[in-house]
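run.cif follows; it contains mmCIF, C-alpha atoms.
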data_work
loop_
_atom_site.label_atom_id
_atom_site.label_comp_id
_atom_site.auth_asym_id
_atom_site.auth_seq_id
_atom_site.Cartn_x
_atom_site.Cartn_y
_atom_site.Cartn_z
CA ALA Y 42 3.08 -1.11 -4.53
CA LEU Y 43 2.96 0.79 -1.25
CA PHE Y 44 0.53 0.10 1.57
CA GLY Y 45 0.00 1.07 5.19
CA VAL Y 46 -1.09 -0.88 8.28
CA PRO Y 47 -1.86 0.40 11.78
CA ASN Y 48 1.21 1.02 13.90
CA ALA Y 49 1.56 -2.13 16.03
CA THR Y 50 3.39 -0.45 18.94
CA HIS Y 51 1.80 3.02 18.83
CA PRO Y 52 -1.83 2.71 17.68
CA ASP Y 53 -2.38 6.49 17.85
CA GLU Y 54 0.52 7.17 15.50
CA PRO Y 55 0.25 7.24 11.68
CA ASP Y 56 0.15 3.90 9.85
CA SER Y 57 3.38 2.04 9.27
CA MET Y 58 4.27 2.15 5.57
CA TYR Y 59 5.51 -0.82 3.57
CA ALA Y 60 6.75 -1.36 0.04
CA GLU Y 61 6.09 -4.55 -1.88
CA LEU Y 62 9.23 -5.60 -3.75
CA ASP Y 63 7.80 -8.79 -5.22
CA ILE Y 64 4.47 -10.59 -4.96
CA PHE Y 65 5.41 -14.24 -5.58
CA PRO Y 66 7.26 -14.74 -3.31
CA HIS Y 67 5.98 -11.83 -1.25
CA HIS Y 68 8.94 -9.60 -0.35
CA VAL Y 69 7.97 -6.58 1.76
CA GLN Y 70 10.12 -3.81 3.24
CA GLN Y 71 9.04 -1.29 5.87
CA ILE Y 72 9.99 2.27 4.87
CA LEU Y 73 9.90 5.81 6.21
CA PRO Y 74 8.76 7.83 3.15
CA GLU Y 75 9.52 11.21 4.72
CA GLU Y 76 13.11 10.28 5.52
CA TYR Y 77 15.39 9.94 2.53
CA HIS Y 78 18.74 10.94 1.10
CA ARG Y 79 19.68 12.08 -2.36
CA LEU Y 80 21.43 9.77 -4.76
CA SER Y 81 23.88 10.87 -7.42
CA GLN Y 82 22.90 10.34 -11.03
CA TYR Y 83 25.55 7.63 -11.36
CA ASP Y 84 24.19 5.77 -8.33
CA VAL Y 85 20.73 5.81 -9.90
CA PHE Y 86 22.03 4.33 -13.14
CA ASP Y 87 23.88 1.61 -11.24
CA LEU Y 88 20.56 0.66 -9.60
CA LEU Y 89 18.55 0.75 -12.84
CA TRP Y 90 20.84 -1.18 -15.14
CA ARG Y 91 22.31 -4.60 -14.64
CA PRO Y 92 26.11 -4.95 -14.79
CA GLY Y 93 27.35 -5.34 -18.33
CA THR Y 94 24.43 -3.61 -20.02
CA HIS Y 95 24.83 -0.46 -22.10
CA LYS Y 96 24.02 2.61 -20.02
CA LYS Y 97 22.80 5.80 -21.67
CA ARG Y 98 23.74 8.33 -19.02
CA ARG Y 99 22.18 11.21 -21.01
CA LEU Y 100 18.74 9.92 -20.00
CA LYS Y 101 16.89 12.49 -17.90
CA ILE Y 102 15.98 11.23 -14.43
CA ASP Y 103 12.89 12.40 -12.59
CA PHE Y 104 13.56 14.19 -9.29
CA VAL Y 105 11.68 11.50 -7.36
CA ASN Y 106 14.04 8.83 -8.66
CA VAL Y 107 17.10 10.43 -7.08
CA ARG Y 108 15.70 9.88 -3.58
CA ARG Y 109 16.24 6.75 -1.53
CA VAL Y 110 13.88 6.38 1.42
CA LYS Y 111 15.00 5.05 4.75
CA GLU Y 112 14.37 1.36 5.34
CA VAL Y 113 13.36 -0.12 8.69
CA GLY Y 114 14.59 -3.59 9.57
CA ASN Y 115 15.04 -6.41 7.08
CA THR Y 116 12.91 -7.35 4.10
CA THR Y 117 10.28 -9.95 5.05
CA GLU Y 118 9.61 -12.96 2.85
CA SER Y 119 6.44 -15.01 3.16
CA GLY Y 120 6.21 -18.72 2.51
CA ASN Y 121 5.11 -20.28 -0.74
CA ALA Y 122 1.98 -18.75 -2.24
CA PRO Y 123 -1.06 -20.98 -2.80
CA LEU Y 124 -1.94 -22.14 -6.28
CA PRO Y 125 -4.24 -19.94 -8.40
CA SER Y 126 -7.87 -20.31 -7.40
CA PHE Y 127 -8.91 -21.32 -10.93
CA PRO Y 128 -7.12 -22.39 -14.12
CA THR Y 129 -6.84 -20.00 -17.03
CA ALA Y 130 -5.57 -19.95 -20.60
CA ASP Y 131 -1.94 -20.41 -19.58
CA ALA Y 132 -2.80 -23.83 -18.12
CA HIS Y 133 -4.53 -25.12 -21.28
CA PRO Y 134 -2.73 -28.44 -21.97
CA GLU Y 135 -3.27 -28.24 -25.74
CA TRP Y 136 -2.34 -24.59 -26.10
CA PHE Y 137 0.76 -24.59 -23.91
CA PRO Y 138 1.92 -28.14 -23.17
CA GLY Y 139 4.60 -28.95 -20.64
CA ASP Y 140 6.68 -25.96 -19.60
CA ASP Y 141 5.40 -23.67 -22.35
CA ALA Y 142 3.16 -21.59 -20.05
CA PRO Y 143 3.39 -18.09 -21.54
CA PHE Y 144 3.02 -15.75 -18.57
CA LYS Y 145 5.84 -14.97 -16.18
CA GLU Y 146 5.22 -16.72 -12.85
CA SER Y 147 6.23 -13.79 -10.65
CA ALA Y 148 3.66 -10.99 -10.63
CA HIS Y 149 4.17 -7.28 -10.01
CA GLY Y 150 2.06 -4.36 -8.83
CA GLY Y 151 -0.34 -3.15 -9.60
CA ALA Y 152 -1.99 -1.48 -6.71
CA CYS Y 153 -2.45 -2.30 -3.04
CA CYS Y 154 -4.39 -2.58 -0.83
CA VAL Y 155 -8.02 -2.79 0.26
CA SER Y 156 -8.88 -4.37 3.60
CA PHE Y 157 -11.45 -7.18 3.57
CA SER Y 158 -12.98 -8.02 6.94
CA ALA Y 159 -13.61 -11.61 8.02
CA GLU Y 160 -17.32 -10.98 7.48
CA GLU Y 161 -16.74 -9.79 3.91
CA LEU Y 162 -14.51 -12.78 3.18
CA ASN Y 163 -17.11 -15.20 4.51
CA LEU Y 164 -19.85 -13.50 2.47
CA GLY Y 165 -18.17 -14.11 -0.88
CA ASP Y 166 -16.27 -17.33 -0.19
CA GLY Y 167 -17.68 -20.05 -2.41
CA THR Y 168 -15.47 -22.92 -1.22
CA LYS Y 169 -16.88 -25.59 1.05
CA LYS Y 170 -13.80 -25.93 3.25
CA ASN Y 171 -13.51 -22.19 4.01
CA LYS Y 172 -17.20 -21.25 4.05
CA GLY Y 173 -17.78 -19.19 7.18
CA GLN Y 174 -14.33 -20.06 8.55
CA HIS Y 175 -12.52 -16.73 8.04
CA ARG Y 176 -11.65 -15.24 11.43
CA GLU Y 177 -9.29 -12.41 10.50
CA SER Y 178 -9.19 -9.68 7.91
CA LEU Y 179 -6.93 -9.79 4.85
CA LEU Y 180 -5.42 -7.15 2.61
CA VAL Y 181 -6.16 -7.55 -1.08
CA GLY Y 182 -4.07 -6.18 -3.92
CA ILE Y 183 -4.04 -6.36 -7.70
CA GLY Y 184 -1.00 -7.51 -9.64
CA HIS Y 185 -0.19 -8.19 -13.25
CA THR Y 186 2.07 -10.41 -15.25
CA LYS Y 187 2.88 -10.68 -18.93
CA VAL Y 188 4.54 -12.66 -21.66
CA ILE Y 189 8.09 -11.36 -21.50
CA TRP Y 190 10.29 -10.83 -24.53
CA LYS Y 191 12.90 -13.55 -25.03
CA PRO Y 192 15.92 -13.54 -27.37
CA TRP Y 193 14.36 -16.15 -29.69
CA TYR Y 194 11.71 -13.63 -30.75
CA GLY Y 195 14.44 -11.91 -32.77
CA ARG Y 196 15.89 -15.05 -34.35
CA LYS Y 197 15.12 -15.74 -37.97
CA ASN Y 198 15.49 -19.51 -37.51
CA VAL Y 199 12.54 -19.58 -35.10
CA ALA Y 200 9.28 -20.19 -36.93
CA GLN Y 201 6.99 -17.18 -37.15
CA GLU Y 202 4.13 -19.48 -36.17
CA LYS Y 203 5.75 -19.97 -32.75
CA LYS Y 204 6.20 -16.24 -32.27
CA ASP Y 205 2.60 -15.56 -33.32
CA ARG Y 206 1.24 -18.20 -30.96
CA VAL Y 207 2.80 -16.58 -27.91
CA PRO Y 208 3.19 -12.86 -28.68
CA HIS Y 209 5.21 -11.04 -26.06
CA THR Y 210 4.23 -8.00 -23.95
CA HIS Y 211 0.64 -9.15 -23.49
CA TYR Y 212 -0.72 -8.56 -19.97
CA VAL Y 213 -3.11 -10.34 -17.61
CA THR Y 214 -4.27 -9.38 -14.11
CA LEU Y 215 -4.87 -11.17 -10.81
CA PHE Y 216 -6.04 -10.51 -7.26
CA TYR Y 217 -4.04 -11.68 -4.25
CA ALA Y 218 -4.84 -11.60 -0.52
CA PHE Y 219 -2.40 -11.61 2.39
CA ASP Y 220 -2.13 -11.22 6.15
CA PRO Y 221 -2.07 -7.58 7.34
CA HIS Y 222 1.01 -8.18 9.49
CA PRO Y 223 4.59 -9.42 8.91
CA PRO Y 224 5.62 -11.57 7.16
CA PHE Y 225 2.50 -10.74 5.08
CA GLN Y 226 1.85 -14.33 4.06
CA ILE Y 227 -0.09 -14.71 0.81
CA ARG Y 228 -3.31 -16.59 1.64
CA ALA Y 229 -5.04 -16.67 -1.75
CA ARG Y 230 -4.57 -15.63 -5.33
CA SER Y 231 -6.99 -15.69 -8.20
CA GLY Y 232 -6.45 -17.07 -11.64
CA TYR Y 233 -5.61 -14.64 -14.43
CA PHE Y 234 -8.21 -12.40 -15.99
CA CYS Y 235 -8.14 -9.37 -18.25
CA LEU Y 236 -9.58 -5.90 -17.71
CA GLY Y 237 -11.81 -4.87 -20.59
CA HIS Y 238 -12.50 -1.89 -22.79
CA ALA Y 239 -15.20 0.62 -21.95
CA PRO Y 240 -18.41 -0.61 -23.67
CA LEU Y 241 -19.62 1.46 -26.62
CA ASN Y 242 -23.11 2.37 -27.76
CA ASN Y 243 -24.74 0.65 -30.72
CA ASN Y 244 -23.28 3.18 -33.16
CA GLY Y 245 -19.77 2.77 -31.82
CA ASP Y 246 -19.33 6.54 -31.50
CA GLY Y 247 -19.94 6.94 -27.77
CA LEU Y 248 -20.13 5.18 -24.46
CA ALA Y 249 -22.86 2.69 -23.64
CA PRO Y 250 -25.61 4.03 -21.33
CA SER Y 251 -24.23 1.88 -18.51
CA GLU Y 252 -20.85 3.66 -18.67
CA GLY Y 253 -20.34 6.97 -16.89
CA GLY Y 254 -17.86 9.72 -17.66
CA MET Y 255 -16.86 11.49 -20.87
CA PHE Y 256 -16.25 9.63 -24.12
CA ASN Y 257 -12.69 9.84 -25.42
CA PRO Y 258 -12.87 9.51 -29.24
CA HIS Y 259 -9.25 8.36 -29.32
CA SER Y 260 -10.11 5.36 -27.11
CA ILE Y 261 -11.27 3.60 -30.29
CA LEU Y 262 -7.62 3.27 -31.23
CA THR Y 263 -6.90 1.12 -28.17
CA ARG Y 264 -9.12 -1.59 -29.64
CA ASN Y 265 -6.62 -2.14 -32.43
CA ARG Y 266 -4.30 -3.87 -29.95
CA GLN Y 267 -6.09 -6.78 -28.32
CA LEU Y 268 -4.89 -9.45 -25.91
CA LEU Y 269 -3.83 -12.40 -28.05
CA GLN Y 270 -2.60 -15.89 -27.14
CA ASN Y 271 -2.53 -19.12 -29.16
CA ASN Y 272 -4.04 -17.17 -32.10
CA ILE Y 273 -7.13 -16.47 -29.99
CA THR Y 274 -8.15 -12.81 -29.63
CA PHE Y 275 -9.68 -11.75 -26.33
CA ASP Y 276 -11.91 -8.69 -25.95
CA CYS Y 277 -9.35 -6.90 -23.79
CA PRO Y 278 -6.46 -4.53 -24.44
CA GLN Y 279 -3.03 -6.01 -25.03
CA ILE Y 280 -1.70 -3.96 -22.11
CA SER Y 281 -3.75 -3.32 -18.98
CA PHE Y 282 -1.97 -1.78 -16.03
CA VAL Y 283 -3.75 -1.17 -12.72
CA SER Y 284 -2.52 1.96 -10.95
CA SER Y 285 -5.15 2.48 -8.23
CA PHE Y 286 -7.32 0.29 -6.03
CA THR Y 287 -9.39 1.67 -3.18
CA GLU Y 288 -12.55 1.15 -1.21
CA LYS Y 289 -15.44 3.20 -2.58
CA ALA Y 290 -16.27 6.24 -0.48
CA ALA Y 291 -19.54 5.92 1.41
CA ASP Y 292 -20.00 2.29 0.28
CA SER Y 293 -17.57 -0.16 1.87
CA SER Y 294 -19.12 -3.09 -0.04
CA LYS Y 295 -17.51 -1.87 -3.28
CA THR Y 296 -14.05 -1.07 -4.58
CA VAL Y 297 -12.85 1.25 -7.32
CA ILE Y 298 -10.13 0.08 -9.73
CA GLY Y 299 -8.28 2.47 -12.00
CA TYR Y 300 -6.30 1.10 -14.91
CA GLY Y 301 -4.69 2.10 -18.19
CA LEU Y 302 -5.49 0.58 -21.56
CA ASN Y 303 -2.58 0.06 -23.95
CA ASP Y 304 -0.72 2.94 -22.29
CA CYS Y 305 -3.15 5.31 -24.01
CA THR Y 306 -6.33 5.92 -22.02
CA GLY Y 307 -7.56 5.27 -18.51
CA ARG Y 308 -10.70 3.84 -16.98
CA LEU Y 309 -12.29 3.58 -13.53
CA VAL Y 310 -14.57 0.66 -12.67
CA GLU Y 311 -16.54 -0.31 -9.60
CA VAL Y 312 -16.23 -3.91 -8.43
CA GLU Y 313 -18.16 -5.49 -5.58
CA LYS Y 314 -16.01 -6.89 -2.79
CA GLU Y 315 -18.12 -10.03 -2.91
CA GLU Y 316 -17.09 -10.55 -6.56
CA ILE Y 317 -13.40 -10.19 -5.69
CA VAL Y 318 -13.74 -12.75 -2.88
CA ARG Y 319 -15.53 -15.07 -5.32
CA LEU Y 320 -12.48 -14.92 -7.60
CA LEU Y 321 -10.11 -15.57 -4.69
CA TYR Y 322 -12.21 -18.37 -3.15
CA PRO Y 323 -14.49 -19.68 -5.90
CA ASP Y 324 -16.92 -22.54 -5.85
CA PRO Y 325 -15.11 -25.08 -8.05
CA MET Y 326 -18.29 -25.69 -10.03
CA ASP Y 327 -18.40 -21.99 -10.99
CA MET Y 328 -14.99 -22.28 -12.63
CA ILE Y 329 -15.73 -25.03 -15.17
CA PHE Y 330 -15.44 -23.60 -18.68
CA ASP Y 331 -16.22 -25.17 -22.01
#

Would you write the structure of this file as structure tokens?
Amino acid sequence: ALFGVPNATHPDEPDSMYAELDIFPHHVQQILPEEYHRLSQYDVFDLLWRPGTHKKRRLKIDFVNVRRVKEVGNTTESGNAPLPSFPTADAHPEWFPGDDAPFKESAHGGACCVSFSAEELNLGDGTKKNKGQHRESLLVGIGHTKVIWKPWYGRKNVAQEKKDRVPHTHYVTLFYAFDPHPPFQIRARSGYFCLGHAPLNNNGDGLAPSEGGMFNPHSILTRNRQLLQNNITFDCPQISFVSSFTEKAADSSKTVIGYGLNDCTGRLVEVEKEEIVRLLYPDPMDMIFD
């Protein structure tokens, strides 16, 4: 994801722009989006495909993808990220014992960022050790991870029960917070959660009264592909991909998250900043699940 921070040396100039390359660990590169040079089609393919893989050079490449923006300085790398703020399904000792955790450890964007002031962080922080102790603002982003496909999914000698227990290409989401200055150290990350479907009315042929916007009749089809792990079906789409995250206009206490459901339809939701902070810094007693 891309994000901007105030120019440290020239406060009256436009924000300095940065590109997140990875989230865990947090690799960030300053860029100059307006300064770029064109790449040849062959250079683009060499960047997209790993050595030794089959390259279909007839693939059409979008104009944007043949530009390489100018980089400023070296890529920064923050220290180790803190542990997730609460355990989720991937940590269930009976579902996924030992090293069988299904979701890829490194997360990706996602969307970034919304600034949370020290006051906003203190308002939602439910931990005893940090309560009222935040002194600086943090930037908050949204990332995702998934169960990646592995070669054994295609092997006939691997039991179908194992494949069904951990189906691949199933997505979960998380919040993460980091310092608004290099090296952009990750200060907190939430446990995994999933972004849900738009609620329907009692007849199932329209949106619930609490949901704004126009009803897309084809959105029903997205409910045929649910998030599934350990033969448990969750009331969320298999694929949820956040593409926008911003502070709500005229109400800085709320954010707006835009995400896609199963690569088919989109949805916008409002989320209180206080709720996001609660997920990043929860009261441990709030995170005990049966």

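Atom pair atom CA of Y:Val181 / atom CA of Y:Asn121 has a distance of 17.0 Å (rounded to one decimal).
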
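Picture a line from atom CA of Y:Tyr233 to atom CA of Y:Thr214; it runs 5.4 Å.
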
Residue nearest Y:Lys145 among Y:Pro224, Y:Asn257, Y:Lys187, Y:His211 (counting only C-alpha atoms): Y:Lys187

Answer key for the PyMOL selection byres ((chain Y and resi 276) around 7), residues as a PyMOL selection string: chain Y and resi 237+267+274-275+277

Expand the PyMOL selection byres ((chain Y and resi 310) around 9) into the individual residues it matches in the shown file, reporting them as a list in words. Thr296, Val297, Ile298, Gly299, Tyr300, Arg308, Leu309, Glu311 and Val312 of chain Y

I need the chosen residues saved as a PDB file, in the coordinates of the input, with C-alpha atoms.
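That gives us result18.pdb:
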ATOM      1  CA  THR Y 296     -14.050  -1.070  -4.580  1.00  0.00           C
ATOM      2  CA  VAL Y 297     -12.850   1.250  -7.320  1.00  0.00           C
ATOM      3  CA  ILE Y 298     -10.130   0.080  -9.730  1.00  0.00           C
ATOM      4  CA  GLY Y 299      -8.280   2.470 -12.000  1.00  0.00           C
ATOM      5  CA  TYR Y 300      -6.300   1.100 -14.910  1.00  0.00           C
ATOM      6  CA  ARG Y 308     -10.700   3.840 -16.980  1.00  0.00           C
ATOM      7  CA  LEU Y 309     -12.290   3.580 -13.530  1.00  0.00           C
ATOM      8  CA  GLU Y 311     -16.540  -0.310  -9.600  1.00  0.00           C
ATOM      9  CA  VAL Y 312     -16.230  -3.910  -8.430  1.00  0.00           C
TER      10      VAL Y 312
END

Could you tell me which residues the PyMOL selection byres ((chain Y and resi 190) around 12) returns for this structure, as a ChimeraX atom specification? /Y:143-145,187-189,191-195,204,207-211

Which of these, Y:Ser293, Y:Phe157, Y:Ser178, Y:Pro221, has the shortest distance to Y:Asp56 once you count all atoms listed in the file? Y:Pro221

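Interatomic distance, atom CA of Y:Pro52 to atom CA of Y:Val69: 20.9 Å.
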
Who sits within 7 Å of Y:Ile72, only C-alpha atoms, same chain under 3 positions skipped, as number ranges by chain: Y: 58-60, 110-113

Please list, as number ranges by chain, the residues that have an atom at most 6 Å away from (4.3, -15.6, 0.4) in the coordinates of this file, counting only C-alpha atoms. Y: 66-67, 119-122, 226-227

Pick the closest to Y:His175 from Y:Leu162, Y:Gln279, Y:Tyr77, Y:Pro258: which is it, counting only C-alpha atoms? Y:Leu162

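Closest approach to Y:Phe286 among Y:His149, Y:Val85, Y:Ala159, Y:Gly182 is made by Y:Gly182 (distances from only C-alpha atoms).
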
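Residue nearest Y:Phe282 within the list Y:Ser251, Y:Thr186, Y:Ser158, Y:Ser294: Y:Thr186 [criterion: smallest interatomic distance, all atoms listed in the file].
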
Please extract stretch 183-207 of chain Y and write it out with N, CA, C and O atoms, as an mmCIF file, in the first residue's frame.
data_model
loop_
_atom_site.group_PDB
_atom_site.id
_atom_site.type_symbol
_atom_site.label_atom_id
_atom_site.label_comp_id
_atom_site.auth_asym_id
_atom_site.auth_seq_id
_atom_site.Cartn_x
_atom_site.Cartn_y
_atom_site.Cartn_z
ATOM 1 N N ILE Y 183 -4.650 -1.747 7.124
ATOM 2 C CA ILE Y 183 -5.359 -3.031 7.095
ATOM 3 C C ILE Y 183 -4.625 -3.947 6.122
ATOM 4 O O ILE Y 183 -4.351 -3.564 4.978
ATOM 5 N N GLY Y 184 -4.298 -5.128 6.588
ATOM 6 C CA GLY Y 184 -3.650 -6.114 5.736
ATOM 7 C C GLY Y 184 -4.483 -7.381 5.663
ATOM 8 O O GLY Y 184 -5.498 -7.527 6.344
ATOM 9 N N HIS Y 185 -4.052 -8.290 4.831
ATOM 10 C CA HIS Y 185 -4.714 -9.594 4.757
ATOM 11 C C HIS Y 185 -3.666 -10.681 4.597
ATOM 12 O O HIS Y 185 -2.527 -10.429 4.199
ATOM 13 N N THR Y 186 -4.066 -11.875 4.935
ATOM 14 C CA THR Y 186 -3.262 -13.044 4.650
ATOM 15 C C THR Y 186 -4.200 -14.159 4.246
ATOM 16 O O THR Y 186 -5.423 -14.002 4.302
ATOM 17 N N LYS Y 187 -3.654 -15.274 3.842
ATOM 18 C CA LYS Y 187 -4.506 -16.354 3.323
ATOM 19 C C LYS Y 187 -3.813 -17.693 3.487
ATOM 20 O O LYS Y 187 -2.620 -17.771 3.828
ATOM 21 N N VAL Y 188 -4.570 -18.743 3.245
ATOM 22 C CA VAL Y 188 -3.993 -20.081 3.145
ATOM 23 C C VAL Y 188 -3.482 -20.219 1.718
ATOM 24 O O VAL Y 188 -4.272 -20.153 0.763
ATOM 25 N N ILE Y 189 -2.173 -20.330 1.564
ATOM 26 C CA ILE Y 189 -1.615 -20.379 0.215
ATOM 27 C C ILE Y 189 -1.659 -21.805 -0.331
ATOM 28 O O ILE Y 189 -1.631 -22.785 0.407
ATOM 29 N N TRP Y 190 -1.740 -21.899 -1.641
ATOM 30 C CA TRP Y 190 -1.717 -23.200 -2.306
ATOM 31 C C TRP Y 190 -0.334 -23.812 -2.170
ATOM 32 O O TRP Y 190 0.686 -23.134 -2.274
ATOM 33 N N LYS Y 191 -0.297 -25.102 -1.887
ATOM 34 C CA LYS Y 191 0.972 -25.834 -1.780
ATOM 35 C C LYS Y 191 0.904 -27.039 -2.717
ATOM 36 O O LYS Y 191 -0.185 -27.541 -3.038
ATOM 37 N N PRO Y 192 2.059 -27.529 -3.161
ATOM 38 C CA PRO Y 192 2.056 -28.627 -4.144
ATOM 39 C C PRO Y 192 1.260 -29.849 -3.693
ATOM 40 O O PRO Y 192 0.677 -30.550 -4.528
ATOM 41 N N TRP Y 193 1.196 -30.113 -2.375
ATOM 42 C CA TRP Y 193 0.525 -31.341 -1.939
ATOM 43 C C TRP Y 193 -0.990 -31.297 -2.165
ATOM 44 O O TRP Y 193 -1.644 -32.341 -2.127
ATOM 45 N N TYR Y 194 -1.535 -30.101 -2.422
ATOM 46 C CA TYR Y 194 -2.968 -30.043 -2.743
ATOM 47 C C TYR Y 194 -3.281 -30.805 -4.026
ATOM 48 O O TYR Y 194 -4.400 -31.278 -4.231
ATOM 49 N N GLY Y 195 -2.292 -30.913 -4.929
ATOM 50 C CA GLY Y 195 -2.526 -31.598 -6.190
ATOM 51 C C GLY Y 195 -2.093 -33.052 -6.200
ATOM 52 O O GLY Y 195 -2.186 -33.706 -7.239
ATOM 53 N N ARG Y 196 -1.649 -33.562 -5.050
ATOM 54 C CA ARG Y 196 -1.159 -34.945 -5.014
ATOM 55 C C ARG Y 196 -2.272 -35.903 -4.624
ATOM 56 O O ARG Y 196 -2.974 -35.687 -3.630
ATOM 57 N N LYS Y 197 -2.396 -36.965 -5.372
ATOM 58 C CA LYS Y 197 -3.449 -37.940 -5.112
ATOM 59 C C LYS Y 197 -3.185 -38.755 -3.849
ATOM 60 O O LYS Y 197 -4.131 -39.300 -3.257
ATOM 61 N N ASN Y 198 -1.916 -38.858 -3.438
ATOM 62 C CA ASN Y 198 -1.608 -39.657 -2.253
ATOM 63 C C ASN Y 198 -1.835 -38.892 -0.954
ATOM 64 O O ASN Y 198 -1.619 -39.430 0.132
ATOM 65 N N VAL Y 199 -2.227 -37.631 -1.031
ATOM 66 C CA VAL Y 199 -2.577 -36.856 0.157
ATOM 67 C C VAL Y 199 -4.080 -36.977 0.383
ATOM 68 O O VAL Y 199 -4.877 -36.748 -0.529
ATOM 69 N N ALA Y 200 -4.450 -37.366 1.582
ATOM 70 C CA ALA Y 200 -5.861 -37.610 1.893
ATOM 71 C C ALA Y 200 -6.709 -36.374 1.615
ATOM 72 O O ALA Y 200 -6.319 -35.251 1.947
ATOM 73 N N GLN Y 201 -7.866 -36.596 1.022
ATOM 74 C CA GLN Y 201 -8.783 -35.494 0.745
ATOM 75 C C GLN Y 201 -9.228 -34.815 2.032
ATOM 76 O O GLN Y 201 -9.488 -33.612 2.061
ATOM 77 N N GLU Y 202 -9.276 -35.585 3.117
ATOM 78 C CA GLU Y 202 -9.676 -35.021 4.413
ATOM 79 C C GLU Y 202 -8.721 -33.919 4.828
ATOM 80 O O GLU Y 202 -9.140 -32.880 5.364
ATOM 81 N N LYS Y 203 -7.415 -34.097 4.565
ATOM 82 C CA LYS Y 203 -6.431 -33.068 4.904
ATOM 83 C C LYS Y 203 -6.630 -31.828 4.057
ATOM 84 O O LYS Y 203 -6.573 -30.690 4.552
ATOM 85 N N LYS Y 204 -6.905 -32.019 2.780
ATOM 86 C CA LYS Y 204 -7.125 -30.883 1.890
ATOM 87 C C LYS Y 204 -8.396 -30.125 2.279
ATOM 88 O O LYS Y 204 -8.428 -28.895 2.238
ATOM 89 N N ASP Y 205 -9.429 -30.870 2.663
ATOM 90 C CA ASP Y 205 -10.694 -30.237 3.040
ATOM 91 C C ASP Y 205 -10.581 -29.484 4.366
ATOM 92 O O ASP Y 205 -11.295 -28.506 4.595
ATOM 93 N N ARG Y 206 -9.699 -29.953 5.230
ATOM 94 C CA ARG Y 206 -9.571 -29.323 6.546
ATOM 95 C C ARG Y 206 -8.911 -27.962 6.454
ATOM 96 O O ARG Y 206 -9.216 -27.055 7.231
ATOM 97 N N VAL Y 207 -8.009 -27.808 5.492
ATOM 98 C CA VAL Y 207 -7.307 -26.533 5.323
ATOM 99 C C VAL Y 207 -7.406 -26.105 3.852
ATOM 100 O O VAL Y 207 -6.418 -26.139 3.118
#
